file work-v5.txt (compact mmCIF, C-alpha atoms)
# COMPACT_ATOMS: atom_id res chain seq x y z
CA MET A 1 110.59 50.02 60.93
CA SER A 2 108.27 53.01 60.99
CA ARG A 3 105.57 50.73 62.29
CA ASN A 4 107.71 50.00 65.38
CA PHE A 5 108.18 53.68 66.05
CA ASN A 6 104.48 54.36 65.75
CA TYR A 7 103.79 51.50 68.10
CA LEU A 8 106.35 52.83 70.63
CA PHE A 9 104.86 56.34 70.53
CA THR A 10 101.35 55.06 71.10
CA LEU A 11 102.47 53.15 74.18
CA ASN A 12 104.23 56.12 75.76
CA SER A 13 101.69 58.82 76.54
CA SER A 14 102.77 62.39 77.22
CA PRO A 15 103.53 63.19 80.84
CA LYS A 16 100.74 64.77 82.86
CA PRO A 17 101.57 67.89 84.89
CA SER A 18 101.04 67.70 88.62
CA ASN A 19 97.77 68.97 90.03
CA SER A 20 99.46 71.76 91.99
CA LEU A 21 101.56 73.09 89.12
CA PHE A 22 99.17 75.92 88.26
CA GLU A 23 98.91 77.06 91.89
CA ARG A 24 102.70 76.99 92.30
CA VAL A 25 103.25 79.00 89.10
CA MET A 26 100.64 81.59 90.13
CA GLU A 27 102.14 81.82 93.61
CA ARG A 28 105.57 82.43 92.12
CA ILE A 29 104.19 85.13 89.80
CA ASN A 30 102.49 86.84 92.76
CA LYS A 31 105.73 86.73 94.75
CA GLU A 32 107.60 88.34 91.86
CA ILE A 33 104.94 91.07 91.59
CA GLN A 34 105.25 91.72 95.33
CA PHE A 35 109.04 91.79 95.04
CA VAL A 36 108.92 94.39 92.25
CA ALA A 37 106.51 96.51 94.32
CA LEU A 38 108.84 96.17 97.30
CA LYS A 39 111.81 97.35 95.24
CA ARG A 40 109.80 100.38 94.11
CA ARG A 41 108.90 101.22 97.70
CA VAL A 42 112.56 100.96 98.70
CA ALA A 43 113.51 103.39 95.93
CA ILE A 44 110.74 105.81 96.91
CA PHE A 45 111.56 105.71 100.61
CA SER A 46 115.30 106.07 99.91
CA VAL A 47 114.60 109.30 98.07
CA SER A 48 112.17 110.31 100.82
CA VAL A 49 114.81 109.76 103.51
CA ALA A 50 117.33 111.87 101.60
CA VAL A 51 114.85 114.69 100.94
CA SER A 52 113.51 114.73 104.50
CA ALA A 53 117.07 114.74 105.92
CA TRP A 54 117.91 117.73 103.75
CA ALA A 55 114.63 119.42 104.73
CA PHE A 56 115.33 118.71 108.41
CA LEU A 57 118.71 120.42 108.19
CA TRP A 58 117.13 123.38 106.42
CA ALA A 59 114.35 123.60 109.04
CA LEU A 60 116.96 123.40 111.78
CA GLN A 61 118.67 126.47 110.34
CA VAL A 62 115.32 128.26 110.05
CA ALA A 63 114.48 127.37 113.66
CA GLU A 64 117.88 128.59 114.85
CA LEU A 65 117.33 131.86 113.01
CA GLY A 66 113.83 132.11 114.52
CA PHE A 67 115.15 131.56 118.03
CA THR A 68 117.78 134.23 117.51
CA GLN A 69 115.47 136.81 115.94
CA SER A 70 112.68 136.39 118.48
CA GLY A 71 114.98 136.90 121.46
CA PHE A 72 114.17 133.51 122.91
CA THR A 73 117.84 132.74 123.50
CA ARG A 74 118.28 135.96 125.52
CA PHE A 75 115.28 135.15 127.70
CA PHE A 76 116.45 131.56 128.13
CA SER A 77 119.97 132.64 129.08
CA LEU A 78 118.46 134.58 132.01
CA LEU A 79 117.61 131.23 133.55
CA PHE A 80 121.33 130.55 134.01
CA SER A 81 122.66 134.07 134.61
CA ASP A 82 120.02 135.43 137.01
CA PHE A 83 118.18 132.51 138.52
CA GLY A 84 117.00 134.47 141.58
CA THR A 85 115.07 136.98 139.50
CA VAL A 86 113.67 134.22 137.32
CA ALA A 87 112.53 132.30 140.42
CA ALA A 88 110.89 135.43 141.83
CA TYR A 89 109.02 136.20 138.62
CA TRP A 90 108.70 132.69 137.22
CA ASN A 91 105.16 133.23 135.95
CA ASN A 92 106.08 136.29 133.86
CA PHE A 93 109.28 134.59 132.76
CA ALA A 94 107.38 131.52 131.52
CA PHE A 95 104.94 133.67 129.55
CA SER A 96 107.83 135.69 128.09
CA LEU A 97 109.49 132.46 126.95
CA LEU A 98 106.26 131.20 125.40
CA GLU A 99 105.68 134.51 123.67
CA ALA A 100 109.19 134.55 122.21
CA LEU A 101 109.00 130.93 121.08
CA PRO A 102 109.12 130.72 117.24
CA SER A 103 106.20 128.31 116.92
CA THR A 104 106.08 128.21 113.11
CA SER A 105 109.73 127.24 112.89
CA LEU A 106 109.27 124.58 115.56
CA ILE A 107 106.22 123.11 113.82
CA LEU A 108 108.16 122.99 110.56
CA LEU A 109 111.14 121.38 112.29
CA LEU A 110 108.99 118.75 114.01
CA ALA A 111 107.16 117.97 110.78
CA PHE A 112 110.43 117.25 108.99
CA VAL A 113 111.71 115.22 111.94
CA TRP A 114 108.54 113.13 111.78
CA ALA A 115 108.89 112.73 107.99
CA PHE A 116 112.50 111.61 108.36
CA ILE A 117 111.74 109.11 111.12
CA TYR A 118 108.70 107.72 109.26
CA SER A 119 110.60 107.37 105.98
CA PHE A 120 113.60 105.80 107.66
CA ASN A 121 111.36 103.36 109.54
CA ARG A 122 109.56 102.28 106.37
CA LEU A 123 112.85 102.00 104.50
CA ALA A 124 114.30 99.76 107.22
CA LYS A 125 111.22 97.50 107.17
CA ASP A 126 111.25 97.25 103.39
CA MET A 127 114.97 96.50 103.33
CA LYS A 128 114.37 93.72 105.84
CA ASN A 129 111.60 92.35 103.61
CA ILE A 130 113.85 92.51 100.54
CA PHE A 131 116.45 90.48 102.42
CA ASN A 132 113.77 87.91 103.28
CA TYR A 133 112.52 87.87 99.68
CA SER A 134 116.02 87.31 98.34
CA HIS A 135 116.27 84.17 100.49
CA ILE A 136 112.86 83.02 99.25
CA ARG A 137 113.77 83.68 95.61
CA HIS A 138 116.81 81.42 95.77
CA THR A 139 114.93 78.55 97.40
CA LEU A 140 112.07 78.42 94.93

call {"tool": "encode", "arguments": {"input": "work-v5.txt", "output": "structure tokens"}}
result
Amino acid sequence: MSRNFNYLFTLNSSPKPSNSLFERVMERINKEIQFVALKRRVAIFSVSVAVSAWAFLWALQVAELGFTQSGFTRFFSLLFSDFGTVAAYWNNFAFSLLEALPSTSLILLLAFVWAFIYSFNRLAKDMKNIFNYSHIRHTL
């Protein structure tokens, strides 16, 4: 009886893996590594969007305070209240507006606006890629 089993096992050789098995396994591992990196980027950019939104609101308050303290709003309101005088002395009026402009506050505000838009853009792209990866993960 044991002789029959030995004979049967010698006839049936072990199955050979396909030639592309190694490449498919390595491709899947690389996709998983990319997916983990993508999830990290989403987490980082989510925090970045929240921080830059908060910083934008703070810079907006600082810019508003700068406009008020420098007198820019008073000069600018002359454009609507006394347009004839502004038109007559438009050159001096323009230089007065530029001089009263709180440039540091505006630069800070624009920097945080740029940071928010950049972070939100990257977050949206990465979220789109995660959605695409989730479809790929279920098909493989």

call {"tool": "residues_around", "arguments": {"input": "work-v5.txt", "residues": "Arg122 of chain A", "least_positions_apart": "3", "cutoff": "9 Å", "atoms": "all atoms listed in the file", "output": "list in words"}}
result
Arg41, Val42, Phe45, Ile117, Tyr118, Ser119, Lys125, Asp126 and Met127 of chain A

call {"tool": "write_last_selection", "arguments": {"input": "work-v5.txt", "atoms": "C-alpha atoms", "output": "tab-separated table (two decimals), in the frame of the given file"}}
result
chain	number	residue	atom	x	y	z
A	41	ARG	CA	108.90	101.22	97.70
A	42	VAL	CA	112.56	100.96	98.70
A	45	PHE	CA	111.56	105.71	100.61
A	117	ILE	CA	111.74	109.11	111.12
A	118	TYR	CA	108.70	107.72	109.26
A	119	SER	CA	110.60	107.37	105.98
A	125	LYS	CA	111.22	97.50	107.17
A	126	ASP	CA	111.25	97.25	103.39
A	127	MET	CA	114.97	96.50	103.33

call {"tool": "closest_residue", "arguments": {"input": "work-v5.txt", "among": "A:Phe76, A:Phe131, A:Phe112, A:Phe22", "to": "Trp58 of chain A", "atoms": "all atoms listed in the file"}}
result
A:Phe112

call {"tool": "residues_around", "arguments": {"input": "work-v5.txt", "residues": "Val36 of chain A", "least_positions_apart": "3", "cutoff": "12 Å", "atoms": "only C-alpha atoms", "output": "PDB file with C-alpha atoms, in the coordinates of the input"}}
result
ATOM      1  CA  ILE A  29     104.190  85.130  89.800  1.00  0.00           C
ATOM      2  CA  ASN A  30     102.490  86.840  92.760  1.00  0.00           C
ATOM      3  CA  LYS A  31     105.730  86.730  94.750  1.00  0.00           C
ATOM      4  CA  GLU A  32     107.600  88.340  91.860  1.00  0.00           C
ATOM      5  CA  ILE A  33     104.940  91.070  91.590  1.00  0.00           C
ATOM      6  CA  LYS A  39     111.810  97.350  95.240  1.00  0.00           C
ATOM      7  CA  ARG A  40     109.800 100.380  94.110  1.00  0.00           C
ATOM      8  CA  ARG A  41     108.900 101.220  97.700  1.00  0.00           C
ATOM      9  CA  VAL A  42     112.560 100.960  98.700  1.00  0.00           C
ATOM     10  CA  ALA A  43     113.510 103.390  95.930  1.00  0.00           C
ATOM     11  CA  ASP A 126     111.250  97.250 103.390  1.00  0.00           C
ATOM     12  CA  ASN A 129     111.600  92.350 103.610  1.00  0.00           C
ATOM     13  CA  ILE A 130     113.850  92.510 100.540  1.00  0.00           C
ATOM     14  CA  TYR A 133     112.520  87.870  99.680  1.00  0.00           C
ATOM     15  CA  SER A 134     116.020  87.310  98.340  1.00  0.00           C
TER      16      SER A 134
END

call {"tool": "closest_residue", "arguments": {"input": "work-v5.txt", "among": "A:Val25, A:Ala53, A:Leu101, A:Ala124", "to": "Thr68 of chain A", "atoms": "all atoms listed in the file"}}
result
A:Leu101

call {"tool": "atom_distance", "arguments": {"input": "work-v5.txt", "atom1": "atom CA of Phe95 of chain A", "atom2": "atom CA of Gly66 of chain A"}}
result
17.5 Å

call {"tool": "residues_around", "arguments": {"input": "work-v5.txt", "residues": "Val62 of chain A", "least_positions_apart": "4", "cutoff": "10 Å", "atoms": "all atoms listed in the file", "output": "PDB file with C-alpha atoms, in the coordinates of the input"}}
result
ATOM      1  CA  PHE A  56     115.330 118.710 108.410  1.00  0.00           C
ATOM      2  CA  LEU A  57     118.710 120.420 108.190  1.00  0.00           C
ATOM      3  CA  TRP A  58     117.130 123.380 106.420  1.00  0.00           C
ATOM      4  CA  GLY A  66     113.830 132.110 114.520  1.00  0.00           C
ATOM      5  CA  PHE A  67     115.150 131.560 118.030  1.00  0.00           C
ATOM      6  CA  THR A  68     117.780 134.230 117.510  1.00  0.00           C
ATOM      7  CA  PRO A 102     109.120 130.720 117.240  1.00  0.00           C
ATOM      8  CA  THR A 104     106.080 128.210 113.110  1.00  0.00           C
ATOM      9  CA  SER A 105     109.730 127.240 112.890  1.00  0.00           C
ATOM     10  CA  LEU A 106     109.270 124.580 115.560  1.00  0.00           C
ATOM     11  CA  LEU A 108     108.160 122.990 110.560  1.00  0.00           C
ATOM     12  CA  LEU A 109     111.140 121.380 112.290  1.00  0.00           C
TER      13      LEU A 109
END

call {"tool": "residues_around", "arguments": {"input": "work-v5.txt", "residues": "Ala94 of chain A", "least_positions_apart": "5", "cutoff": "10 Å", "atoms": "all atoms listed in the file", "output": "list of chain:residue names"}}
result
A:Phe75, A:Phe76, A:Val86, A:Tyr89, A:Glu99, A:Ala100

call {"tool": "closest_residue", "arguments": {"input": "work-v5.txt", "among": "A:Ser52, A:Ser103, A:Val47, A:Asn132", "to": "Glu64 of chain A", "atoms": "all atoms listed in the file"}}
result
A:Ser103

call {"tool": "closest_residue", "arguments": {"input": "work-v5.txt", "among": "A:Ser46, A:Val51, A:Ala59, A:Ser96", "to": "Arg74 of chain A", "atoms": "only C-alpha atoms"}}
result
A:Ser96

call {"tool": "atom_distance", "arguments": {"input": "work-v5.txt", "atom1": "atom CA of Ala63 of chain A", "atom2": "atom CA of Ala115 of chain A"}}
result
16.7 Å

call {"tool": "decode", "arguments": {"input": "work-v5.txt", "residues": "segment 15-70 of chain A", "atoms": "C-alpha atoms", "output": "PDB file, in the first residue's frame"}}
result
ATOM      1  CA  PRO A  15       3.091  22.844  -9.390  1.00  0.00           C
ATOM      2  CA  LYS A  16       5.388  25.427 -10.948  1.00  0.00           C
ATOM      3  CA  PRO A  17       4.612  29.101 -10.310  1.00  0.00           C
ATOM      4  CA  SER A  18       3.929  31.257 -13.330  1.00  0.00           C
ATOM      5  CA  ASN A  19       6.789  33.241 -14.800  1.00  0.00           C
ATOM      6  CA  SER A  20       5.175  36.587 -13.996  1.00  0.00           C
ATOM      7  CA  LEU A  21       4.353  35.802 -10.373  1.00  0.00           C
ATOM      8  CA  PHE A  22       7.405  37.587  -8.956  1.00  0.00           C
ATOM      9  CA  GLU A  23       6.756  40.721 -11.035  1.00  0.00           C
ATOM     10  CA  ARG A  24       3.089  40.790  -9.996  1.00  0.00           C
ATOM     11  CA  VAL A  25       3.951  40.393  -6.307  1.00  0.00           C
ATOM     12  CA  MET A  26       6.580  43.159  -6.492  1.00  0.00           C
ATOM     13  CA  GLU A  27       4.164  45.422  -8.354  1.00  0.00           C
ATOM     14  CA  ARG A  28       1.544  44.880  -5.668  1.00  0.00           C
ATOM     15  CA  ILE A  29       4.069  45.629  -2.901  1.00  0.00           C
ATOM     16  CA  ASN A  30       5.092  48.847  -4.680  1.00  0.00           C
ATOM     17  CA  LYS A  31       1.436  49.875  -5.025  1.00  0.00           C
ATOM     18  CA  GLU A  32       0.904  49.307  -1.305  1.00  0.00           C
ATOM     19  CA  ILE A  33       3.999  51.390  -0.484  1.00  0.00           C
ATOM     20  CA  GLN A  34       2.694  54.189  -2.713  1.00  0.00           C
ATOM     21  CA  PHE A  35      -0.732  53.934  -1.086  1.00  0.00           C
ATOM     22  CA  VAL A  36       0.744  54.281   2.409  1.00  0.00           C
ATOM     23  CA  ALA A  37       2.775  57.297   1.264  1.00  0.00           C
ATOM     24  CA  LEU A  38      -0.371  58.783  -0.263  1.00  0.00           C
ATOM     25  CA  LYS A  39      -2.279  58.346   3.003  1.00  0.00           C
ATOM     26  CA  ARG A  40       0.539  60.110   4.866  1.00  0.00           C
ATOM     27  CA  ARG A  41       0.443  63.011   2.409  1.00  0.00           C
ATOM     28  CA  VAL A  42      -3.323  63.298   2.858  1.00  0.00           C
ATOM     29  CA  ALA A  43      -2.881  63.478   6.630  1.00  0.00           C
ATOM     30  CA  ILE A  44      -0.120  66.084   6.322  1.00  0.00           C
ATOM     31  CA  PHE A  45      -2.038  68.248   3.867  1.00  0.00           C
ATOM     32  CA  SER A  46      -5.234  67.971   5.937  1.00  0.00           C
ATOM     33  CA  VAL A  47      -3.384  69.417   8.906  1.00  0.00           C
ATOM     34  CA  SER A  48      -1.758  71.976   6.612  1.00  0.00           C
ATOM     35  CA  VAL A  49      -5.148  73.116   5.287  1.00  0.00           C
ATOM     36  CA  ALA A  50      -6.492  73.517   8.815  1.00  0.00           C
ATOM     37  CA  VAL A  51      -3.428  75.423  10.042  1.00  0.00           C
ATOM     38  CA  SER A  52      -3.258  77.679   6.989  1.00  0.00           C
ATOM     39  CA  ALA A  53      -7.002  78.437   7.249  1.00  0.00           C
ATOM     40  CA  TRP A  54      -6.534  79.442  10.868  1.00  0.00           C
ATOM     41  CA  ALA A  55      -3.444  81.490   9.953  1.00  0.00           C
ATOM     42  CA  PHE A  56      -5.363  83.156   7.117  1.00  0.00           C
ATOM     43  CA  LEU A  57      -8.109  84.256   9.501  1.00  0.00           C
ATOM     44  CA  TRP A  58      -5.505  85.562  11.937  1.00  0.00           C
ATOM     45  CA  ALA A  59      -3.674  87.437   9.152  1.00  0.00           C
ATOM     46  CA  LEU A  60      -6.988  88.872   7.983  1.00  0.00           C
ATOM     47  CA  GLN A  61      -7.533  90.354  11.436  1.00  0.00           C
ATOM     48  CA  VAL A  62      -3.973  91.697  11.479  1.00  0.00           C
ATOM     49  CA  ALA A  63      -4.464  93.244   8.025  1.00  0.00           C
ATOM     50  CA  GLU A  64      -7.751  94.820   9.099  1.00  0.00           C
ATOM     51  CA  LEU A  65      -6.033  96.291  12.144  1.00  0.00           C
ATOM     52  CA  GLY A  66      -3.188  97.530   9.929  1.00  0.00           C
ATOM     53  CA  PHE A  67      -5.596  99.206   7.520  1.00  0.00           C
ATOM     54  CA  THR A  68      -7.365 100.904  10.411  1.00  0.00           C
ATOM     55  CA  GLN A  69      -4.223 102.053  12.211  1.00  0.00           C
ATOM     56  CA  SER A  70      -2.476 103.382   9.112  1.00  0.00           C
TER      57      SER A  70
END
